$ cat run16.txt   # compact mmCIF, C-alpha atoms and all ligand atoms
# COMPACT_ATOMS: atom_id res chain seq x y z
CA MET A 10 23.26 -20.76 -2.30
CA GLU A 11 25.33 -23.80 -1.49
CA GLU A 12 23.24 -26.87 -0.74
CA GLN A 13 24.01 -26.80 2.99
CA ALA A 14 22.88 -23.17 3.17
CA GLN A 15 19.66 -24.08 1.33
CA ILE A 16 19.00 -26.83 3.88
CA GLU A 17 19.55 -24.45 6.80
CA LEU A 18 17.32 -21.84 5.12
CA VAL A 19 14.38 -24.23 4.72
CA LYS A 20 14.82 -25.52 8.27
CA ALA A 21 14.86 -22.00 9.71
CA PHE A 22 11.66 -21.05 7.88
CA SER A 23 9.97 -24.30 8.92
CA ASN A 24 10.84 -23.80 12.57
CA ALA A 25 9.61 -20.19 12.66
CA HIS A 26 6.05 -19.93 13.97
CA GLY A 27 3.46 -18.12 11.86
CA ALA A 28 -0.25 -18.78 12.13
CA PRO A 29 -2.57 -16.48 10.12
CA GLY A 30 -2.40 -13.01 11.69
CA PHE A 31 0.62 -14.02 13.75
CA GLU A 32 3.31 -14.07 11.05
CA ARG A 33 5.70 -11.65 12.77
CA GLU A 34 8.37 -14.27 13.52
CA VAL A 35 8.44 -15.47 9.90
CA VAL A 36 8.64 -11.88 8.66
CA LYS A 37 11.55 -11.15 10.98
CA LEU A 38 13.47 -14.10 9.53
CA PHE A 39 12.57 -13.06 5.98
CA LYS A 40 13.78 -9.51 6.58
CA GLN A 41 17.08 -10.80 7.96
CA GLN A 42 17.54 -13.15 5.00
CA MET A 43 16.69 -10.44 2.46
CA ALA A 44 19.15 -7.93 3.96
CA GLY A 45 21.55 -6.84 1.24
CA ARG A 46 19.30 -8.17 -1.54
CA GLY A 47 16.87 -5.23 -1.48
CA ASP A 48 14.83 -2.95 0.76
CA THR A 49 12.17 -4.66 2.86
CA THR A 50 9.10 -2.87 4.17
CA VAL A 51 6.47 -4.35 6.48
CA ASP A 52 2.87 -3.19 6.99
CA GLY A 53 0.38 -3.60 9.83
CA MET A 54 -0.83 -6.99 8.57
CA PHE A 55 2.80 -8.20 8.52
CA ASN A 56 2.89 -8.27 4.75
CA ALA A 57 6.53 -7.81 3.72
CA LEU A 58 7.77 -6.46 0.39
CA THR A 59 11.38 -6.58 -0.77
CA ALA A 60 12.19 -4.43 -3.79
CA ARG A 61 15.20 -6.03 -5.47
CA ALA A 62 18.41 -4.01 -5.35
CA GLY A 63 18.84 -2.72 -8.89
CA ASN A 64 15.16 -1.99 -9.55
CA THR A 65 14.82 1.19 -11.65
CA GLY A 66 11.15 2.03 -11.21
CA LYS A 67 10.97 2.35 -15.01
CA ARG A 68 10.61 -1.28 -16.09
CA PRO A 69 7.77 -3.78 -15.92
CA VAL A 70 7.39 -5.20 -12.42
CA ILE A 71 7.32 -8.88 -11.56
CA GLN A 72 5.73 -9.77 -8.24
CA LEU A 73 7.33 -12.90 -6.81
CA ASP A 74 5.02 -14.02 -4.02
CA ALA A 75 4.78 -16.55 -1.23
CA HIS A 76 2.48 -16.53 1.75
CA SER A 77 4.03 -16.48 5.19
CA ASP A 78 1.30 -18.06 7.30
CA SER A 79 0.52 -21.70 8.03
CA VAL A 80 -2.51 -23.26 9.63
CA GLY A 81 -2.60 -22.77 13.40
CA LEU A 82 -4.92 -22.44 16.38
CA LEU A 83 -6.05 -19.56 18.59
CA VAL A 84 -7.07 -19.49 22.26
CA GLN A 85 -10.77 -18.71 22.57
CA ALA A 86 -11.23 -19.11 26.34
CA ILE A 87 -9.85 -20.90 29.37
CA ARG A 88 -12.06 -23.60 30.84
CA PRO A 89 -12.64 -23.79 34.64
CA ASN A 90 -10.23 -26.77 34.86
CA GLY A 91 -7.41 -24.80 33.20
CA LEU A 92 -7.70 -26.46 29.78
CA ILE A 93 -7.72 -24.19 26.73
CA LYS A 94 -10.71 -23.97 24.40
CA PHE A 95 -9.49 -22.98 20.96
CA VAL A 96 -10.56 -22.22 17.39
CA THR A 97 -8.75 -23.12 14.17
CA LEU A 98 -6.92 -20.62 11.96
CA GLY A 99 -7.04 -22.04 8.44
CA GLY A 100 -8.27 -25.38 7.16
CA TRP A 101 -7.78 -28.30 9.55
CA VAL A 102 -9.39 -31.73 9.41
CA PRO A 103 -10.64 -32.30 13.00
CA THR A 104 -9.23 -35.85 13.14
CA ASN A 105 -5.70 -34.47 12.58
CA ILE A 106 -5.73 -32.24 15.66
CA PRO A 107 -6.00 -34.54 18.73
CA ALA A 108 -2.79 -35.65 20.48
CA MET A 109 -0.72 -33.00 18.70
CA LYS A 110 2.10 -31.33 20.65
CA VAL A 111 1.78 -27.55 20.50
CA GLN A 112 3.48 -24.34 21.57
CA VAL A 113 1.18 -21.65 22.97
CA ARG A 114 2.63 -18.13 22.75
CA ASN A 115 1.55 -16.42 25.96
CA GLN A 116 0.92 -12.74 26.58
CA LEU A 117 4.59 -12.20 27.48
CA GLY A 118 5.68 -13.67 24.14
CA GLU A 119 7.01 -16.84 25.76
CA TYR A 120 6.27 -20.32 24.41
CA VAL A 121 4.43 -22.78 26.64
CA THR A 122 4.32 -26.47 25.72
CA GLY A 123 0.95 -28.16 25.53
CA VAL A 124 -0.89 -31.10 24.01
CA VAL A 125 -4.32 -31.37 22.44
CA ALA A 126 -6.09 -33.39 25.11
CA THR A 127 -7.64 -36.74 24.35
CA LYS A 128 -9.73 -39.08 26.42
CA PRO A 129 -7.78 -42.28 27.07
CA PRO A 130 -9.26 -45.35 25.33
CA HIS A 131 -9.82 -46.89 28.76
CA PHE A 132 -12.63 -44.41 29.38
CA MET A 133 -14.19 -44.50 25.92
CA THR A 134 -17.38 -46.33 25.12
CA ALA A 135 -17.52 -48.36 21.89
CA GLU A 136 -19.73 -45.61 20.48
CA GLU A 137 -17.24 -42.84 21.40
CA ARG A 138 -14.37 -44.64 19.68
CA LYS A 139 -16.20 -44.40 16.36
CA GLN A 140 -17.10 -40.70 16.64
CA VAL A 141 -15.28 -37.90 14.83
CA PRO A 142 -14.36 -35.25 17.40
CA THR A 143 -15.45 -31.65 16.93
CA VAL A 144 -13.03 -28.77 17.47
CA ALA A 145 -15.52 -27.07 19.82
CA ASP A 146 -15.18 -30.02 22.21
CA MET A 147 -11.38 -30.17 22.07
CA SER A 148 -9.00 -28.67 24.62
CA ILE A 149 -5.30 -28.02 25.01
CA ASP A 150 -3.63 -29.11 28.22
CA VAL A 151 -0.67 -27.00 29.37
CA GLY A 152 -0.22 -28.97 32.58
CA THR A 153 -2.40 -26.83 34.78
CA SER A 154 -5.45 -27.76 36.87
CA SER A 155 -7.32 -24.46 37.16
CA ARG A 156 -8.32 -21.43 35.14
CA GLU A 157 -6.40 -19.18 37.55
CA GLU A 158 -3.22 -21.16 37.05
CA THR A 159 -3.41 -20.97 33.23
CA ILE A 160 -4.30 -17.27 33.19
CA ASN A 161 -2.25 -15.89 36.09
CA GLN A 162 0.77 -18.16 36.22
CA LEU A 163 1.21 -19.03 32.54
CA HIS A 164 -0.21 -15.76 31.15
CA ILE A 165 -2.32 -17.62 28.60
CA ASN A 166 -5.71 -16.14 27.77
CA THR A 167 -8.06 -15.25 24.90
CA GLY A 168 -6.17 -14.27 21.74
CA CYS A 169 -2.93 -16.19 22.28
CA PRO A 170 -1.82 -18.06 19.14
CA ILE A 171 -1.00 -21.77 19.15
CA PHE A 172 1.43 -23.53 16.81
CA PRO A 173 2.36 -27.16 16.07
CA ALA A 174 5.56 -28.03 17.95
CA VAL A 175 7.79 -29.81 15.44
CA GLU A 176 11.53 -29.37 14.89
CA CYS A 177 12.52 -29.62 11.22
CA GLU A 178 14.99 -32.35 10.23
CA TYR A 179 16.78 -32.91 6.93
CA LEU A 180 17.24 -36.59 6.10
CA PRO A 181 20.11 -36.88 3.61
CA ASN A 182 19.45 -40.52 2.69
CA GLN A 183 16.01 -39.60 1.36
CA GLY A 184 16.88 -36.04 0.34
CA MET A 185 13.80 -35.02 2.32
CA PHE A 186 12.83 -32.53 4.97
CA PHE A 187 10.50 -33.66 7.76
CA GLY A 188 8.89 -30.84 9.70
CA LYS A 189 5.93 -28.50 10.00
CA ASP A 190 4.52 -25.64 7.96
CA PHE A 191 6.14 -26.45 4.60
CA ASP A 192 2.92 -24.89 3.27
CA ASN A 193 4.23 -22.32 2.78
CA ARG A 194 7.64 -21.88 4.38
CA VAL A 195 9.27 -23.67 1.45
CA GLY A 196 7.74 -20.86 -0.60
CA ALA A 197 9.10 -18.19 1.74
CA ALA A 198 12.55 -19.79 1.58
CA ALA A 199 12.20 -19.96 -2.21
CA LEU A 200 11.82 -16.17 -2.39
CA VAL A 201 15.18 -15.77 -0.67
CA GLU A 202 16.86 -18.46 -2.78
CA THR A 203 15.52 -17.00 -6.04
CA PHE A 204 16.79 -13.53 -5.13
CA ASP A 205 20.13 -15.14 -4.32
CA GLN A 206 20.30 -16.87 -7.70
CA LEU A 207 19.54 -13.54 -9.41
CA SER A 208 22.03 -11.54 -7.37
CA GLN A 209 24.47 -11.09 -10.25
CA ALA A 210 21.85 -11.03 -13.04
CA ASP A 211 21.37 -8.05 -15.33
CA LEU A 212 17.58 -8.02 -15.65
CA ALA A 213 15.23 -6.28 -18.07
CA VAL A 214 12.53 -6.09 -15.37
CA ASP A 215 12.06 -4.91 -11.79
CA VAL A 216 11.31 -7.58 -9.22
CA VAL A 217 9.49 -7.23 -5.91
CA ALA A 218 9.24 -10.19 -3.54
CA SER A 219 6.05 -10.25 -1.51
CA LEU A 220 5.65 -12.33 1.62
CA SER A 221 1.89 -12.10 1.95
CA ALA A 222 0.09 -12.73 5.25
CA GLN A 223 -3.18 -14.53 6.05
CA GLU A 224 -3.43 -16.69 2.92
CA GLU A 225 -4.87 -19.59 4.86
CA VAL A 226 -7.89 -17.54 5.91
CA GLY A 227 -8.73 -16.23 2.42
CA LEU A 228 -5.73 -14.79 0.53
CA ARG A 229 -6.13 -11.61 2.56
CA GLY A 230 -2.54 -10.40 2.49
CA ALA A 231 -2.13 -10.96 -1.24
CA TYR A 232 -5.05 -8.62 -1.98
CA VAL A 233 -2.99 -5.91 -0.25
CA THR A 234 0.44 -6.76 -1.67
CA ALA A 235 -0.94 -6.89 -5.23
CA ARG A 236 -2.20 -3.32 -4.85
CA LYS A 237 1.09 -2.14 -3.44
CA VAL A 238 3.30 -3.84 -6.04
CA ASN A 239 0.97 -3.23 -9.02
CA PRO A 240 2.62 -6.07 -10.94
CA ASP A 241 2.78 -6.53 -14.70
CA LEU A 242 3.49 -10.25 -14.18
CA ALA A 243 3.37 -12.51 -11.14
CA ILE A 244 4.94 -15.78 -10.03
CA VAL A 245 3.59 -17.37 -6.86
CA PHE A 246 5.48 -20.00 -4.87
CA GLU A 247 3.18 -22.35 -3.01
CA GLY A 248 3.75 -25.47 -0.93
CA CYS A 249 1.20 -27.60 -2.77
CA PRO A 250 -0.44 -30.74 -1.37
CA ALA A 251 1.32 -33.79 -2.82
CA ASP A 252 -0.99 -36.51 -4.12
CA ASP A 253 1.59 -39.22 -4.82
CA THR A 254 0.79 -41.35 -1.77
CA PHE A 255 -2.89 -41.84 -2.61
CA GLU A 256 -3.48 -41.19 -6.34
CA PRO A 257 -2.60 -43.63 -9.11
CA ASP A 258 0.42 -42.64 -11.19
CA TRP A 259 -1.60 -41.46 -14.16
CA LEU A 260 -3.60 -39.04 -12.00
CA SER A 261 -0.80 -37.90 -9.70
CA GLN A 262 -0.09 -34.24 -10.52
CA THR A 263 1.98 -33.14 -7.52
CA ARG A 264 4.66 -35.68 -6.77
CA VAL A 265 7.46 -35.43 -4.23
CA LYS A 266 10.68 -35.39 -6.30
CA GLY A 267 8.57 -34.84 -9.43
CA GLY A 268 9.75 -31.23 -9.66
CA PRO A 269 7.67 -28.08 -9.38
CA MET A 270 3.95 -28.23 -10.08
CA LEU A 271 2.58 -25.69 -12.52
CA ARG A 272 -1.05 -25.19 -11.49
CA ASP A 273 -3.35 -24.70 -14.47
CA MET A 274 -6.34 -24.22 -12.21
CA ASP A 275 -7.87 -24.63 -8.78
CA THR A 276 -11.11 -23.36 -7.29
CA SER A 277 -9.75 -19.80 -6.96
CA PHE A 278 -7.54 -19.37 -9.97
CA ILE A 279 -6.79 -20.14 -13.64
CA ALA A 280 -3.24 -19.46 -14.80
CA ASN A 281 -2.58 -17.30 -17.86
CA PRO A 282 -2.21 -20.13 -20.41
CA LEU A 283 0.49 -18.42 -22.48
CA PHE A 284 2.69 -17.71 -19.47
CA GLU A 285 1.96 -21.21 -18.13
CA GLN A 286 3.13 -22.80 -21.39
CA PHE A 287 6.22 -20.57 -21.44
CA ALA A 288 7.04 -21.78 -17.93
CA ALA A 289 6.61 -25.43 -19.00
CA ASP A 290 8.81 -24.84 -22.06
CA THR A 291 11.43 -23.15 -19.87
CA ALA A 292 11.45 -26.13 -17.48
CA GLU A 293 12.10 -28.43 -20.46
CA ARG A 294 14.82 -26.12 -21.78
CA ILE A 295 16.73 -25.98 -18.49
CA GLY A 296 16.20 -29.69 -17.89
CA ILE A 297 14.13 -29.83 -14.72
CA PRO A 298 11.18 -32.15 -14.10
CA TYR A 299 7.76 -30.57 -13.61
CA THR A 300 4.11 -31.50 -13.49
CA ARG A 301 0.97 -29.63 -14.44
CA ALA A 302 -2.07 -29.75 -12.24
CA VAL A 303 -5.79 -29.22 -12.59
CA ARG A 304 -7.23 -29.13 -9.10
CA THR A 305 -10.82 -29.39 -7.95
CA GLY A 306 -9.96 -27.87 -4.55
CA GLY A 307 -7.60 -25.35 -3.05
CA GLY A 308 -6.85 -21.69 -3.54
CA VAL A 309 -3.70 -19.62 -3.98
CA ASP A 310 -2.42 -16.05 -3.66
CA GLY A 311 -2.19 -16.03 -7.47
CA ALA A 312 -5.94 -15.45 -7.53
CA ALA A 313 -5.80 -12.29 -5.42
CA ILE A 314 -2.85 -10.99 -7.43
CA THR A 315 -4.27 -11.57 -10.90
CA TYR A 316 -7.68 -10.18 -9.82
CA TRP A 317 -6.07 -6.82 -9.01
CA GLN A 318 -5.30 -5.74 -12.55
CA GLY A 319 -5.17 -8.90 -14.61
CA ALA A 320 -1.41 -9.46 -14.56
CA PRO A 321 -0.45 -12.79 -16.19
CA THR A 322 0.17 -15.06 -13.23
CA ILE A 323 1.46 -18.58 -12.65
CA VAL A 324 1.85 -20.70 -9.55
CA ILE A 325 5.00 -22.74 -9.02
CA GLY A 326 4.15 -25.39 -6.46
CA ILE A 327 6.63 -27.28 -4.31
CA PRO A 328 5.04 -30.64 -3.42
CA VAL A 329 4.37 -31.15 0.30
CA ARG A 330 2.99 -34.37 1.76
CA TYR A 331 0.36 -34.16 4.51
CA GLU A 332 0.04 -30.40 4.62
CA HIS A 333 -2.41 -28.76 6.99
CA THR A 334 -1.26 -31.24 9.63
CA ALA A 335 1.63 -30.93 12.11
CA PHE A 336 3.95 -33.26 10.18
CA ASN A 337 4.98 -32.74 6.56
CA TRP A 338 7.53 -34.07 4.06
CA THR A 339 9.10 -32.09 1.23
CA ALA A 340 12.08 -32.76 -1.06
CA LEU A 341 15.21 -30.64 -1.35
CA SER A 342 15.38 -31.44 -5.09
CA ASP A 343 11.92 -29.92 -5.64
CA PHE A 344 12.91 -26.77 -3.77
CA GLN A 345 16.02 -26.50 -5.94
CA ALA A 346 14.14 -27.13 -9.20
CA ALA A 347 11.35 -24.67 -8.33
CA THR A 348 13.77 -21.84 -7.55
CA LYS A 349 15.86 -22.62 -10.62
CA LEU A 350 12.74 -22.36 -12.76
CA ALA A 351 11.62 -19.06 -11.21
CA ALA A 352 15.10 -17.57 -11.60
CA ALA A 353 15.26 -18.70 -15.25
CA LEU A 354 11.83 -17.21 -16.00
CA ILE A 355 12.78 -13.86 -14.44
CA ALA A 356 16.21 -13.81 -16.10
CA ASP A 357 14.53 -14.35 -19.49
CA MET A 358 11.72 -11.88 -19.04
CA THR A 359 11.52 -8.80 -21.24
CA PRO A 360 8.81 -6.15 -21.67
CA GLU A 361 8.02 -7.69 -25.09
CA ARG A 362 7.64 -11.19 -23.66
CA ILE A 363 5.35 -9.94 -20.91
CA ALA A 364 3.27 -8.17 -23.56
CA SER A 365 3.10 -11.39 -25.59
CA PHE A 366 1.18 -13.08 -22.77
CA THR A 367 -1.67 -10.61 -23.31
CA GLN A 368 -1.72 -10.80 -27.14
CA VAL A 369 -4.93 -11.88 -28.83
CA ASP A 370 -3.91 -11.22 -32.45
CA ASP A 371 -1.88 -13.87 -34.27
ZN ZN B 1 -0.35 -22.56 1.06

$ encode --input "run16.txt" --output "structure tokens" --more "lines below"
Ligand SMILES: [Zn+2]
Amino acid sequence: MEEQAQIELVKAFSNAHGAPGFEREVVKLFKQQMAGRGDTTVDGMFNALTARAGNTGKRPVIQLDAHSDSVGLLVQAIRPNGLIKFVTLGGWVPTNIPAMKVQVRNQLGEYVTGVVATKPPHFMTAEERKQVPTVADMSIDVGTSSREETINQLHINTGCPIFPAVECEYLPNQGMFFGKDFDNRVGAAALVETFDQLSQADLAVDVVASLSAQEEVGLRGAYVTARKVNPDLAIVFEGCPADDTFEPDWLSQTRVKGGPMLRDMDTSFIANPLFEQFAADTAERIGIPYTRAVRTGGGVDGAAITYWQGAPTIVIGIPVRYEHTAFNWTALSDFQAATKLAAALIADMTPERIASFTQVDD
């Protein structure tokens, strides 16, 4: 795609709302964007699969995955004063939730603006100012003063999803996007962009893009998509937490504008080392920057996919600053480099090369 189209694509995916279990809006956008590039099917979890136009059904299958969901909140109950008691969907740090602007999707499917309520400092004791708030004590204020008003007039009640309210901007001077949910909407956008880059390619493999749901609550969608695709090889796009604003240079393994991150391991997953090295060599060959990362936290869809039948799997991370909060940064150049790498890997893939990643004899 032209650069301007890439920018609009990332912005559209960032602005779409998709908390775990509530990915429908992201899937709708994905289906629209994939039209003409292959057939898209959607299941009851809102997992989407797009089989690339040109697949034969007779060649090894590459699963190109990204998860569709981002951390969000869910209405648990309405308090007597009209405020919303909520639970978290996915991993939030409690201190990052207060004072956030949100959109609550009500039972009619309309968005209602709200804010995570905070006690003004004027009313706080010295002791209270030092305390870390707990999610169970937090509330969302949608401008009402009674339970009846919230439930009957705004149609908000138990089970309504809540999303950060942030409009994505592209800042050309920095070459950066500022917005929400780049974990993992940059990955979702990368599926579309990679298919676009391969649109004229004559491949030796079949490719199925999977937009897997509910990653943030335990890779749940990817366990399903892996079974459906039955891949011989997998590449997972992930918006990975950037460490460049708090780690020293020598330890920084996911840098904004440092190119895609190839994840050797995290707590869920170890990449196939032969495929991982091939990906690193390919990045060198096509002249894009990259980093490799050994992580002591985190988890990725790659785990669920490789656990299905042992397909060699790698994760291509696009660095995202401050993920799992409402406000993130990510670089256009990293999005471009990550998709270029994935397209090059797929364009180069042959049945023999895939088999080589499982070889144990010299
Ligand atoms: Zn993610």

$ residues_near_ligand --input "run16.txt" --ligand "ligand ZN 1 (chain B)" --cutoff "7 Å" --atoms "all atoms listed in the file" --output "compact mmCIF listing (two decimals) with C-alpha atoms, keeping the file's coordinate frame"
# COMPACT_ATOMS: atom_id res chain seq x y z
CA HIS A 76 2.48 -16.53 1.75
CA ASP A 192 2.92 -24.89 3.27
CA ASN A 193 4.23 -22.32 2.78
CA GLU A 224 -3.43 -16.69 2.92
CA GLU A 225 -4.87 -19.59 4.86
CA GLU A 247 3.18 -22.35 -3.01
CA GLY A 248 3.75 -25.47 -0.93
CA CYS A 249 1.20 -27.60 -2.77
CA VAL A 309 -3.70 -19.62 -3.98

$ closest_atom_pairs --input "run16.txt" --of "segment 155-232 of chain A" --to "segment 326-331 of chain A" --cutoff "12 Å" --atoms "only C-alpha atoms" --output "tab-separated table"
residue	atom	partner	partner_atom	distance
A:Met185	CA	A:Val329	CA	10.4
A:Phe186	CA	A:Val329	CA	9.8
A:Phe187	CA	A:Arg330	CA	9.6
A:Gly188	CA	A:Val329	CA	10.4
A:Lys189	CA	A:Tyr331	CA	9.7
A:Asp190	CA	A:Val329	CA	9.4
A:Phe191	CA	A:Val329	CA	6.6
A:Asp192	CA	A:Val329	CA	7.1
A:Asn193	CA	A:Ile327	CA	9.0
A:Arg194	CA	A:Ile327	CA	10.3
A:Val195	CA	A:Ile327	CA	7.3
A:Gly196	CA	A:Ile327	CA	7.5
A:Ala197	CA	A:Ile327	CA	11.2
A:Ala198	CA	A:Ile327	CA	11.2
A:Ala199	CA	A:Ile327	CA	9.4

$ residues_around --input "run16.txt" --residues "Glu119 of chain A" --least-positions-apart "6" --cutoff "12 Å" --atoms "only C-alpha atoms" --output "list in words"
Gln112, Val113, Leu163, His164, Ile165, Cys169, Pro170 and Ile171 of chain A

$ write_last_selection --input "run16.txt" --atoms "C-alpha atoms" --output "compact mmCIF listing (two decimals), in the frame of the given file"
# COMPACT_ATOMS: atom_id res chain seq x y z
CA GLN A 112 3.48 -24.34 21.57
CA VAL A 113 1.18 -21.65 22.97
CA LEU A 163 1.21 -19.03 32.54
CA HIS A 164 -0.21 -15.76 31.15
CA ILE A 165 -2.32 -17.62 28.60
CA CYS A 169 -2.93 -16.19 22.28
CA PRO A 170 -1.82 -18.06 19.14
CA ILE A 171 -1.00 -21.77 19.15

$ residues_around --input "run16.txt" --residues "Pro298 of chain A" --least-positions-apart "6" --cutoff "8 Å" --atoms "only C-alpha atoms" --output "VMD selection string"
chain A and resid 267 to 269 292 346

$ closest_residue --input "run16.txt" --among "A:Arg156, A:Thr234, A:Met133, A:Ala62" --to "Ala222 of chain A" --atoms "all atoms listed in the file"
A:Thr234

$ closest_atom_pairs --input "run16.txt" --of "segment 175-291 of chain A" --to "segment 49-61 of chain A" --cutoff "6 Å" --atoms "all atoms listed in the file" --output "tab-separated table"
residue	atom	partner	partner_atom	distance
A:Val216	CA	A:Arg61	CA	5.6
A:Val217	CA	A:Ala60	CA	4.4
A:Ala218	CA	A:Thr59	CA	5.0
A:Ser219	CA	A:Leu58	CA	4.6
A:Leu220	CA	A:Ala57	CA	5.1
A:Ser221	CA	A:Asn56	CA	4.8
A:Ala222	CA	A:Asn56	CA	5.3

$ closest_residue --input "run16.txt" --among "A:Asn182, A:Thr159, A:Ser277, A:Asn64" --to "Ile314 of chain A" --atoms "only C-alpha atoms"
A:Ser277

$ atom_distance --input "run16.txt" --atom1 "atom CA of Ala312 of chain A" --atom2 "atom CA of Thr276 of chain A"
9.5 Å

$ atom_distance --input "run16.txt" --atom1 "atom CA of Arg229 of chain A" --atom2 "atom CA of Arg304 of chain A"
21.1 Å

$ atom_distance --input "run16.txt" --atom1 "atom CA of Ala145 of chain A" --atom2 "atom CA of Ala86 of chain A"
11.1 Å

$ residues_near_point --input "run16.txt" --point "(0.8, -36.6, -3.7)" --cutoff "10 Å" --atoms "all atoms listed in the file" --output "ChimeraX atom specification"
/A:249-258,260-265,267,328-331

$ closest_residue --input "run16.txt" --among "A:Gly184, A:Pro29, A:Gly306, A:Gly152" --to "Gly91 of chain A" --atoms "all atoms listed in the file"
A:Gly152

$ residues_near_point --input "run16.txt" --point "(2.2, -19.0, -24.1)" --cutoff "12 Å" --atoms "all atoms listed in the file" --output "list of chain:residue names"
A:Ala280, A:Asn281, A:Pro282, A:Leu283, A:Phe284, A:Glu285, A:Gln286, A:Phe287, A:Ala288, A:Ala289, A:Asp290, A:Thr291, A:Pro321, A:Thr322, A:Ile323, A:Arg362, A:Ile363, A:Ala364, A:Ser365, A:Phe366, A:Thr367, A:Gln368, A:Val369
